[in-house]
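Containing PDB, C-alpha atoms: my_file-v7.pdb.
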MODEL        1
ATOM      1  CA  MET A  11     -11.850 -44.868   8.044
ATOM      2  CA  SER A  12     -14.050 -43.267   5.391
ATOM      3  CA  LYS A  13     -13.752 -39.507   5.139
ATOM      4  CA  ARG A  14     -16.427 -38.912   2.541
ATOM      5  CA  TRP A  15     -18.390 -36.993   5.179
ATOM      6  CA  ILE A  16     -15.982 -34.062   4.786
ATOM      7  CA  GLN A  17     -17.456 -33.370   1.331
ATOM      8  CA  ASN A  18     -21.049 -33.494   2.597
ATOM      9  CA  PRO A  19     -22.517 -29.967   2.314
ATOM     10  CA  ASN A  20     -25.216 -30.767   4.870
ATOM     11  CA  ARG A  21     -23.505 -30.244   8.219
ATOM     12  CA  CYS A  22     -26.628 -31.422  10.048
ATOM     13  CA  ALA A  23     -26.612 -34.846   8.372
ATOM     14  CA  ASP A  24     -25.972 -37.891  10.547
ATOM     15  CA  GLU A  25     -23.034 -38.863   8.313
ATOM     16  CA  TYR A  26     -21.364 -35.490   8.913
ATOM     17  CA  LEU A  27     -21.992 -35.424  12.660
ATOM     18  CA  ASP A  28     -20.755 -39.018  13.023
ATOM     19  CA  GLY A  29     -17.658 -38.057  11.046
ATOM     20  CA  ILE A  30     -16.948 -35.198  13.449
ATOM     21  CA  GLU A  31     -17.208 -37.596  16.376
ATOM     22  CA  ASP A  32     -14.733 -39.943  14.646
ATOM     23  CA  PHE A  33     -12.327 -37.044  14.086
ATOM     24  CA  ILE A  34     -12.609 -35.840  17.699
ATOM     25  CA  GLU A  35     -12.013 -39.372  18.983
ATOM     26  CA  PHE A  36      -9.008 -39.718  16.660
ATOM     27  CA  ALA A  37      -7.607 -36.344  17.792
ATOM     28  CA  ARG A  38      -7.980 -37.275  21.473
ATOM     29  CA  ARG A  39      -6.239 -40.610  20.874
ATOM     30  CA  GLN A  40      -3.357 -39.079  18.933
ATOM     31  CA  ASN A  41      -2.896 -36.031  21.181
ATOM     32  CA  GLN A  42      -3.276 -37.468  24.667
ATOM     33  CA  GLY A  43      -2.805 -34.849  27.352
ATOM     34  CA  ALA A  44      -3.127 -31.933  24.952
ATOM     35  CA  THR A  45      -5.617 -29.264  25.994
ATOM     36  CA  ARG A  46      -5.660 -27.551  22.587
ATOM     37  CA  ILE A  47      -5.261 -28.812  19.032
ATOM     38  CA  ARG A  48      -5.238 -27.230  15.588
ATOM     39  CA  CYS A  49      -8.738 -26.468  14.375
ATOM     40  CA  PRO A  50      -9.303 -27.741  10.794
ATOM     41  CA  CYS A  51     -12.500 -25.754  10.214
ATOM     42  CA  LYS A  52     -12.689 -23.502   7.154
ATOM     43  CA  ARG A  53     -12.323 -20.386   9.259
ATOM     44  CA  CYS A  54      -9.376 -21.399  11.461
ATOM     45  CA  ASN A  55      -7.701 -23.255   8.555
ATOM     46  CA  ASN A  56      -5.417 -25.316  10.840
ATOM     47  CA  THR A  57      -3.622 -22.128  11.883
ATOM     48  CA  LEU A  58      -5.406 -21.532  15.219
ATOM     49  CA  PHE A  59      -5.427 -23.770  18.290
ATOM     50  CA  GLU A  60      -8.707 -24.449  20.103
ATOM     51  CA  THR A  61      -9.914 -26.802  22.828
ATOM     52  CA  ILE A  62     -11.095 -30.145  21.467
ATOM     53  CA  GLU A  63     -14.685 -29.277  22.444
ATOM     54  CA  ASN A  64     -14.497 -25.970  20.538
ATOM     55  CA  VAL A  65     -13.008 -27.735  17.510
ATOM     56  CA  GLY A  66     -16.086 -29.959  17.329
ATOM     57  CA  PHE A  67     -18.329 -26.893  17.547
ATOM     58  CA  HIS A  68     -16.329 -25.088  14.823
ATOM     59  CA  LEU A  69     -16.598 -28.080  12.496
ATOM     60  CA  VAL A  70     -20.379 -28.052  12.785
ATOM     61  CA  ARG A  71     -20.636 -24.302  12.367
ATOM     62  CA  ASN A  72     -17.971 -23.644   9.724
ATOM     63  CA  GLY A  73     -17.336 -27.056   8.110
ATOM     64  CA  MET A  74     -14.021 -28.843   7.727
ATOM     65  CA  ILE A  75     -11.454 -27.898   5.085
ATOM     66  CA  GLU A  76     -12.554 -30.065   2.168
ATOM     67  CA  THR A  77      -8.981 -30.873   1.079
ATOM     68  CA  TYR A  78      -7.902 -31.993   4.562
ATOM     69  CA  SER A  79      -8.401 -35.707   3.966
ATOM     70  CA  ILE A  80      -5.100 -36.809   5.540
ATOM     71  CA  TRP A  81      -5.078 -35.617   9.145
ATOM     72  CA  ASN A  82      -1.308 -35.339   9.347
ATOM     73  CA  LEU A  83      -1.461 -32.254  11.578
ATOM     74  CA  HIS A  84      -3.407 -34.293  14.112
ATOM     75  CA  GLY A  85      -1.181 -37.388  14.206
ATOM     76  CA  GLU A  86      -2.186 -39.390  11.126
ATOM     77  CA  GLN A  87       0.784 -41.085   9.457
ATOM     78  CA  VAL A  88       1.081 -40.831   5.683
ATOM     79  CA  ASP A  89       1.609 -44.168   3.933
ATOM     80  CA  HIS A  90       4.325 -43.105   1.490
ATOM     81  CA  ALA A  91       4.598 -46.548  -0.108
ATOM     82  CA  SER A  92       0.940 -46.825  -1.054
ATOM     83  CA  SER A  93       0.668 -43.179  -1.980
ATOM     84  CA  SER A  94       3.648 -43.401  -4.344
ATOM     85  CA  ASN A  95       2.136 -46.364  -6.214
ATOM     86  CA  ALA A  96      -1.338 -44.907  -6.466
ATOM     87  CA  PRO A  97      -2.126 -42.636  -9.380
ATOM     88  CA  ARG A  98      -1.786 -39.031  -8.296
ATOM     89  CA  VAL A  99      -4.506 -36.546  -9.016
ATOM     90  CA  ASP A 100      -3.703 -32.943  -8.261
ATOM     91  CA  ASN A 101      -6.535 -30.533  -7.601
ATOM     92  CA  VAL A 102      -4.813 -27.542  -9.123
ATOM     93  CA  GLU A 103      -6.788 -24.352  -9.102
ATOM     94  CA  PRO A 104      -6.442 -22.214 -12.192
ATOM     95  CA  ILE A 105      -3.900 -19.441 -11.785
ATOM     96  CA  VAL A 106      -5.715 -16.136 -11.866
ATOM     97  CA  ASP A 107      -3.924 -12.803 -12.053
ATOM     98  CA  PRO A 108      -4.879 -10.889  -8.874
ATOM     99  CA  ASN A 109      -4.957  -7.668 -10.891
ATOM    100  CA  ASP A 110      -7.567  -9.216 -13.204
ATOM    101  CA  GLN A 111      -9.570 -10.323 -10.159
ATOM    102  CA  VAL A 112      -9.592  -6.774  -8.803
ATOM    103  CA  MET A 113     -10.709  -5.404 -12.158
ATOM    104  CA  GLY A 114     -13.535  -7.967 -12.092
ATOM    105  CA  ILE A 115     -14.563  -6.725  -8.640
ATOM    106  CA  ILE A 116     -14.685  -3.148  -9.925
ATOM    107  CA  GLN A 117     -16.803  -4.174 -12.902
ATOM    108  CA  ASP A 118     -19.187  -6.001 -10.566
ATOM    109  CA  ALA A 119     -19.450  -2.951  -8.302
ATOM    110  CA  PHE A 120     -19.941  -0.529 -11.212
ATOM    111  CA  PRO A 121     -21.511  -2.539 -14.057
ATOM    112  CA  PHE A 122     -22.859   0.566 -15.813
ATOM    113  CA  ALA A 123     -19.634   2.575 -15.687
ATOM    114  CA  SER A 124     -18.393   1.404 -19.097
ATOM    115  CA  THR A 125     -21.819   2.175 -20.522
ATOM    116  CA  ASN A 126     -21.519   5.665 -19.102
ATOM    117  CA  ILE A 127     -18.145   6.134 -20.818
ATOM    118  CA  ASN A 128     -19.512   4.938 -24.152
ATOM    119  CA  GLN A 129     -22.487   7.273 -23.887
ATOM    120  CA  GLU A 130     -20.475  10.325 -22.885
ATOM    121  CA  GLY A 131     -21.406  13.196 -25.127
ATOM    122  CA  GLU A 132     -24.828  11.765 -26.045
ATOM    123  CA  ASP A 133     -27.296  14.229 -24.526
ATOM    124  CA  ASP A 134     -30.405  12.250 -25.390
ATOM    125  CA  VAL A 135     -29.280   9.112 -23.523
ATOM    126  CA  PRO A 136     -29.861   9.096 -19.738
ATOM    127  CA  SER A 137     -26.768   8.322 -17.668
ATOM    128  CA  PRO A 138     -27.111   4.949 -15.873
ATOM    129  CA  ILE A 139     -24.674   6.057 -13.140
ATOM    130  CA  ASP A 140     -24.581   9.403 -11.324
ATOM    131  CA  SER A 141     -21.553  11.684 -11.266
ATOM    132  CA  ALA A 142     -20.551  10.865  -7.669
ATOM    133  CA  GLU A 143     -20.514   7.115  -8.376
ATOM    134  CA  PHE A 144     -18.649   7.644 -11.626
ATOM    135  CA  GLU A 145     -16.021   9.731  -9.827
ATOM    136  CA  GLN A 146     -15.591   6.916  -7.312
ATOM    137  CA  TYR A 147     -15.280   4.444 -10.187
ATOM    138  CA  GLU A 148     -12.533   6.538 -11.796
ATOM    139  CA  LYS A 149     -10.591   6.693  -8.509
ATOM    140  CA  LEU A 150     -10.744   2.914  -8.109
ATOM    141  CA  LEU A 151      -9.761   2.428 -11.745
ATOM    142  CA  LYS A 152      -6.789   4.746 -11.297
ATOM    143  CA  ASN A 153      -5.562   2.793  -8.249
ATOM    144  CA  ALA A 154      -6.175  -0.495 -10.085
ATOM    145  CA  ASN A 155      -3.933   0.638 -12.965
ATOM    146  CA  GLN A 156      -1.266   2.352 -10.848
ATOM    147  CA  GLU A 157       1.806   0.269 -10.031
ATOM    148  CA  LEU A 158       2.536  -0.275  -6.335
ATOM    149  CA  TYR A 159       5.967   1.185  -7.050
ATOM    150  CA  PRO A 160       7.670   2.030 -10.359
ATOM    151  CA  GLY A 161       8.463  -1.200 -12.209
ATOM    152  CA  CYS A 162       6.166  -3.423 -10.131
ATOM    153  CA  GLU A 163       4.151  -5.595 -12.511
ATOM    154  CA  SER A 164       2.690  -8.050  -9.983
ATOM    155  CA  PHE A 165       0.687  -5.661  -7.830
ATOM    156  CA  SER A 166      -1.233  -2.499  -8.429
ATOM    157  CA  VAL A 167      -2.042  -0.195  -5.511
ATOM    158  CA  LEU A 168      -5.598  -1.518  -5.316
ATOM    159  CA  THR A 169      -4.574  -5.178  -5.643
ATOM    160  CA  ALA A 170      -2.056  -4.839  -2.795
ATOM    161  CA  ILE A 171      -4.626  -3.224  -0.509
ATOM    162  CA  VAL A 172      -7.293  -5.843  -1.315
ATOM    163  CA  GLU A 173      -4.830  -8.694  -0.589
ATOM    164  CA  LEU A 174      -3.697  -7.140   2.699
ATOM    165  CA  MET A 175      -7.229  -6.365   3.864
ATOM    166  CA  HIS A 176      -8.305  -9.922   2.985
ATOM    167  CA  GLY A 177      -5.514 -11.286   5.191
ATOM    168  CA  LYS A 178      -6.480  -8.905   7.998
ATOM    169  CA  ILE A 179     -10.055 -10.212   8.033
ATOM    170  CA  LYS A 180      -9.141 -13.867   7.498
ATOM    171  CA  TYR A 181      -6.685 -13.979  10.403
ATOM    172  CA  ARG A 182      -8.632 -11.582  12.651
ATOM    173  CA  MET A 183      -5.890  -8.977  12.801
ATOM    174  CA  SER A 184      -6.552  -5.892  14.915
ATOM    175  CA  ASN A 185      -6.323  -2.435  13.364
ATOM    176  CA  LEU A 186      -3.283  -1.670  15.529
ATOM    177  CA  CYS A 187      -1.497  -4.834  14.370
ATOM    178  CA  PHE A 188      -2.444  -4.123  10.754
ATOM    179  CA  ASP A 189      -1.043  -0.577  11.024
ATOM    180  CA  TYR A 190       2.249  -1.951  12.361
ATOM    181  CA  PHE A 191       2.783  -4.461   9.555
ATOM    182  CA  LEU A 192       1.618  -1.966   6.932
ATOM    183  CA  GLY A 193       4.290   0.439   8.185
ATOM    184  CA  VAL A 194       6.908  -2.339   8.044
ATOM    185  CA  PHE A 195       5.929  -3.280   4.475
ATOM    186  CA  LYS A 196       6.015   0.361   3.430
ATOM    187  CA  ARG A 197       9.576   0.725   4.754
ATOM    188  CA  MET A 198      10.611  -2.500   2.990
ATOM    189  CA  LEU A 199       9.393  -1.298  -0.398
ATOM    190  CA  PRO A 200      11.160   1.343  -2.509
ATOM    191  CA  THR A 201      10.745   4.847  -1.113
ATOM    192  CA  ASP A 202       8.481   5.927  -3.994
ATOM    193  CA  ASN A 203       5.869   3.219  -3.268
ATOM    194  CA  CYS A 204       2.161   4.099  -3.072
ATOM    195  CA  LEU A 205       1.161   1.759  -0.226
ATOM    196  CA  PRO A 206      -1.140   3.488   2.304
ATOM    197  CA  LYS A 207       0.439   4.284   5.642
ATOM    198  CA  ASP A 208      -2.323   2.847   7.847
ATOM    199  CA  HIS A 209      -5.675   1.061   7.957
ATOM    200  CA  LYS A 210      -7.667   4.307   7.806
ATOM    201  CA  HIS A 211      -6.061   5.379   4.520
ATOM    202  CA  ALA A 212      -6.422   1.862   3.097
ATOM    203  CA  GLN A 213     -10.156   1.966   3.817
ATOM    204  CA  LYS A 214     -10.433   5.276   1.998
ATOM    205  CA  VAL A 215      -8.919   3.722  -1.128
ATOM    206  CA  LEU A 216     -11.404   0.837  -0.967
ATOM    207  CA  HIS A 217     -14.364   3.146  -0.402
ATOM    208  CA  GLY A 218     -16.848   2.442  -3.178
ATOM    209  CA  LEU A 219     -16.156  -1.279  -3.457
ATOM    210  CA  GLY A 220     -17.985  -2.047  -0.243
ATOM    211  CA  LEU A 221     -21.677  -1.540   0.372
ATOM    212  CA  GLY A 222     -21.249   0.320   3.637
ATOM    213  CA  TYR A 223     -23.666   0.675   6.523
ATOM    214  CA  GLU A 224     -25.676   3.334   8.352
ATOM    215  CA  LYS A 225     -24.886   4.361  11.927
ATOM    216  CA  ILE A 226     -28.016   4.841  14.021
ATOM    217  CA  HIS A 227     -27.787   6.049  17.610
ATOM    218  CA  ALA A 228     -29.505   3.812  20.165
ATOM    219  CA  CYS A 229     -30.600   4.161  23.765
ATOM    220  CA  LYS A 230     -28.019   2.915  26.243
ATOM    221  CA  ASN A 231     -30.654   0.563  27.713
ATOM    222  CA  ASN A 232     -31.840  -0.679  24.289
ATOM    223  CA  CYS A 233     -35.236   1.007  24.671
ATOM    224  CA  MET A 234     -35.330   2.617  21.229
ATOM    225  CA  LEU A 235     -33.436   3.979  18.240
ATOM    226  CA  PHE A 236     -32.929   7.687  17.629
ATOM    227  CA  TYR A 237     -34.261   7.256  14.130
ATOM    228  CA  LYS A 238     -36.868   8.878  11.856
ATOM    229  CA  GLU A 239     -39.319  10.795  14.103
ATOM    230  CA  HIS A 240     -36.960  10.350  17.104
ATOM    231  CA  GLU A 241     -33.806  11.459  15.286
ATOM    232  CA  ALA A 242     -33.710  14.944  16.872
ATOM    233  CA  LEU A 243     -34.151  13.770  20.482
ATOM    234  CA  ASP A 244     -31.320  14.043  22.992
ATOM    235  CA  THR A 245     -32.844  11.801  25.668
ATOM    236  CA  CYS A 246     -34.744   8.533  25.561
ATOM    237  CA  PRO A 247     -38.495   9.187  26.072
ATOM    238  CA  ILE A 248     -38.849   5.789  27.773
ATOM    239  CA  CYS A 249     -36.066   5.738  30.400
ATOM    240  CA  ASN A 250     -34.883   9.388  30.177
ATOM    241  CA  GLU A 251     -31.283   8.211  29.621
ATOM    242  CA  SER A 252     -29.093  10.698  27.782
ATOM    243  CA  ARG A 253     -28.377   9.964  24.141
ATOM    244  CA  PHE A 254     -24.762  11.159  24.408
ATOM    245  CA  LYS A 255     -21.880  10.512  26.780
ATOM    246  CA  MET A 256     -20.773  13.141  29.268
ATOM    247  CA  THR A 257     -17.727  14.913  27.825
ATOM    248  CA  SER A 258     -15.831  18.104  28.476
ATOM    249  CA  GLN A 259     -17.511  21.342  27.430
ATOM    250  CA  ASN A 260     -14.613  22.131  25.098
ATOM    251  CA  ARG A 261     -15.427  19.135  22.889
ATOM    252  CA  THR A 262     -17.279  20.165  19.733
ATOM    253  CA  THR A 263     -18.602  16.732  18.735
ATOM    254  CA  LYS A 264     -20.966  14.633  20.826
ATOM    255  CA  ILE A 265     -20.260  10.927  21.418
ATOM    256  CA  PRO A 266     -23.337   8.647  21.395
ATOM    257  CA  GLN A 267     -23.810   6.165  24.243
ATOM    258  CA  LYS A 268     -24.554   3.301  21.839
ATOM    259  CA  VAL A 269     -24.521   2.920  18.051
ATOM    260  CA  MET A 270     -26.313   0.353  15.906
ATOM    261  CA  ARG A 271     -24.839  -0.378  12.480
ATOM    262  CA  TYR A 272     -27.578  -1.012   9.949
ATOM    263  CA  LEU A 273     -26.812  -2.876   6.719
ATOM    264  CA  PRO A 274     -29.465  -1.855   4.138
ATOM    265  CA  LEU A 275     -30.859  -4.835   2.232
ATOM    266  CA  LYS A 276     -31.801  -3.147  -1.052
ATOM    267  CA  PRO A 277     -28.271  -2.249  -2.321
ATOM    268  CA  ARG A 278     -27.041  -5.731  -1.373
ATOM    269  CA  LEU A 279     -29.749  -7.372  -3.439
ATOM    270  CA  GLN A 280     -28.941  -5.003  -6.303
ATOM    271  CA  ARG A 281     -25.253  -5.973  -6.093
ATOM    272  CA  LEU A 282     -26.128  -9.673  -6.242
ATOM    273  CA  TYR A 283     -28.185  -9.118  -9.372
ATOM    274  CA  MET A 284     -25.542  -6.885 -10.982
ATOM    275  CA  SER A 285     -22.600  -9.219 -10.388
ATOM    276  CA  THR A 286     -21.847 -11.606 -13.237
ATOM    277  CA  HIS A 287     -20.861 -14.231 -10.645
ATOM    278  CA  THR A 288     -24.176 -14.275  -8.779
ATOM    279  CA  ALA A 289     -26.838 -12.929 -11.174
ATOM    280  CA  THR A 290     -27.612 -16.377 -12.610
ATOM    281  CA  ASP A 291     -28.085 -17.877  -9.146
ATOM    282  CA  MET A 292     -30.334 -14.983  -8.119
ATOM    283  CA  ARG A 293     -32.571 -15.515 -11.164
TER     284      ARG A 293
ENDMDL
END
Reformat the file's structure so that it appears as structure tokens.
Amino acid sequence: MSKRWIQNPNRCADEYLDGIEDFIEFARRQNQGATRIRCPCKRCNNTLFETIENVGFHLVRNGMIETYSIWNLHGEQVDHASSSNAPRVDNVEPIVDPNDQVMGIIQDAFPFASTNINQEGEDDVPSPIDSAEFEQYEKLLKNANQELYPGCESFSVLTAIVELMHGKIKYRMSNLCFDYFLGVFKRMLPTDNCLPKDHKHAQKVLHGLGLGYEKIHACKNNCMLFYKEHEALDTCPICNESRFKMTSQNRTTKIPQKVMRYLPLKPRLQRLYMSTHTATDMR
């Protein structure tokens, strides 16, 4: 059975869709009676179990893991005799120091920061980065250079947080679960470690790397946004629904009925042009 379809980037191509049907048929044949199987899509990464129908949907939406050419987790037997005689080609990714990767992320987020340092003291040269951004850059740089605990050479504070947050997103970990494991890791490490105690504090350390979003209050019935000329209103002019939830009179802050999170386009385009990894593609 040819598996070249796995490498096809066009997931709408007949070759790819036919390949998914072959895989689903193979999985049904090898796992008779099973209601759920491992999902080999790029998002589930063979770690989550889904119904066979959902697996097919995931493969169309997310694509199959490109290196999963021997379906051993779905019942395919490995021919050790033929594989031992065949020349072996290892797809070995280059080993990259995670601390160097984090420093690269900082440079992508603040490409003019080094220029600002070089120009410090030159009054006639305009600063390419404002003081608030530069302060944020210095905080990130400090955490990127600070050891996770005294004597730790593998992880800086920032590298550890980036790795943990990446795992949280990849495996869909809840904030409560993340807080629990973060507390366990913190107790495992030496007492003078600098690992944040919970998700909230970890987000504060990463503030500045992300692009953020704007919170805009919305009508409970989706009639309108309390935005621009409507920003000061407390009730929807269309359905007269209250903007805020009913709370006790002792509460000082008001809780909106519904919030829309707006991701501004302009700073995201700027980041794509500033990053050394994507600027060429953007041009």
Problem set entry | All residues 7 Å or closer to Cys229 in chain A, all atoms listed in the file, same chain fewer than 2 positions away omitted, as a PyMOL selection string | chain A and resi 231-235+246+253+268
For this session: Enumerate, as a VMD selection string, the residues matched when the PyMOL selection byres ((chain A and resi 118) around 8) is run on the file above.
Result: chain A and resid 114 to 117 119 to 121 281 284 to 286
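For the choices A:Gln111, A:Thr57, A:Gln156, A:Asn18, the atom-to-atom distance to Lys180 in chain A is smallest for A:Thr57 when using all atoms listed in the file.
With the shown file loaded, the PyMOL selection byres ((chain A and resi 31) around 12) picks out Lys13, Trp15, Asp24, Glu25, Tyr26, Leu27, Asp28, Gly29, Ile30, Asp32, Phe33, Ile34, Glu35, Phe36, Ala37, Arg38, Ile62, Glu63, Val65, Gly66, Phe67, Leu69 and Val70 of chain A.
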Prev. selection, C-alpha atoms, output as a tab-separated table (two decimals), keeping the file's coordinate frame:
chain	number	residue	atom	x	y	z
A	13	LYS	CA	-13.75	-39.51	5.14
A	15	TRP	CA	-18.39	-36.99	5.18
A	24	ASP	CA	-25.97	-37.89	10.55
A	25	GLU	CA	-23.03	-38.86	8.31
A	26	TYR	CA	-21.36	-35.49	8.91
A	27	LEU	CA	-21.99	-35.42	12.66
A	28	ASP	CA	-20.76	-39.02	13.02
A	29	GLY	CA	-17.66	-38.06	11.05
A	30	ILE	CA	-16.95	-35.20	13.45
A	32	ASP	CA	-14.73	-39.94	14.65
A	33	PHE	CA	-12.33	-37.04	14.09
A	34	ILE	CA	-12.61	-35.84	17.70
A	35	GLU	CA	-12.01	-39.37	18.98
A	36	PHE	CA	-9.01	-39.72	16.66
A	37	ALA	CA	-7.61	-36.34	17.79
A	38	ARG	CA	-7.98	-37.28	21.47
A	62	ILE	CA	-11.10	-30.14	21.47
A	63	GLU	CA	-14.68	-29.28	22.44
A	65	VAL	CA	-13.01	-27.74	17.51
A	66	GLY	CA	-16.09	-29.96	17.33
A	67	PHE	CA	-18.33	-26.89	17.55
A	69	LEU	CA	-16.60	-28.08	12.50
A	70	VAL	CA	-20.38	-28.05	12.78
Exercise. Where does the PyMOL selection byres ((chain A and resi 49) around 7) land in this file, that is, which residues does it pick, as an MDAnalysis selection string?
Worked result: chainID A and resid 47:48 50:51 54:56 58:60 65
Exercise. If you count only C-alpha atoms, which residues fall within 12 Å of range 190-195 of chain A, apart from same-chain ones fewer than 6 positions away, as a PyMOL selection string?
Worked result: chain A and resi 158+170-171+173-175+177-178+183-184+201+203-212
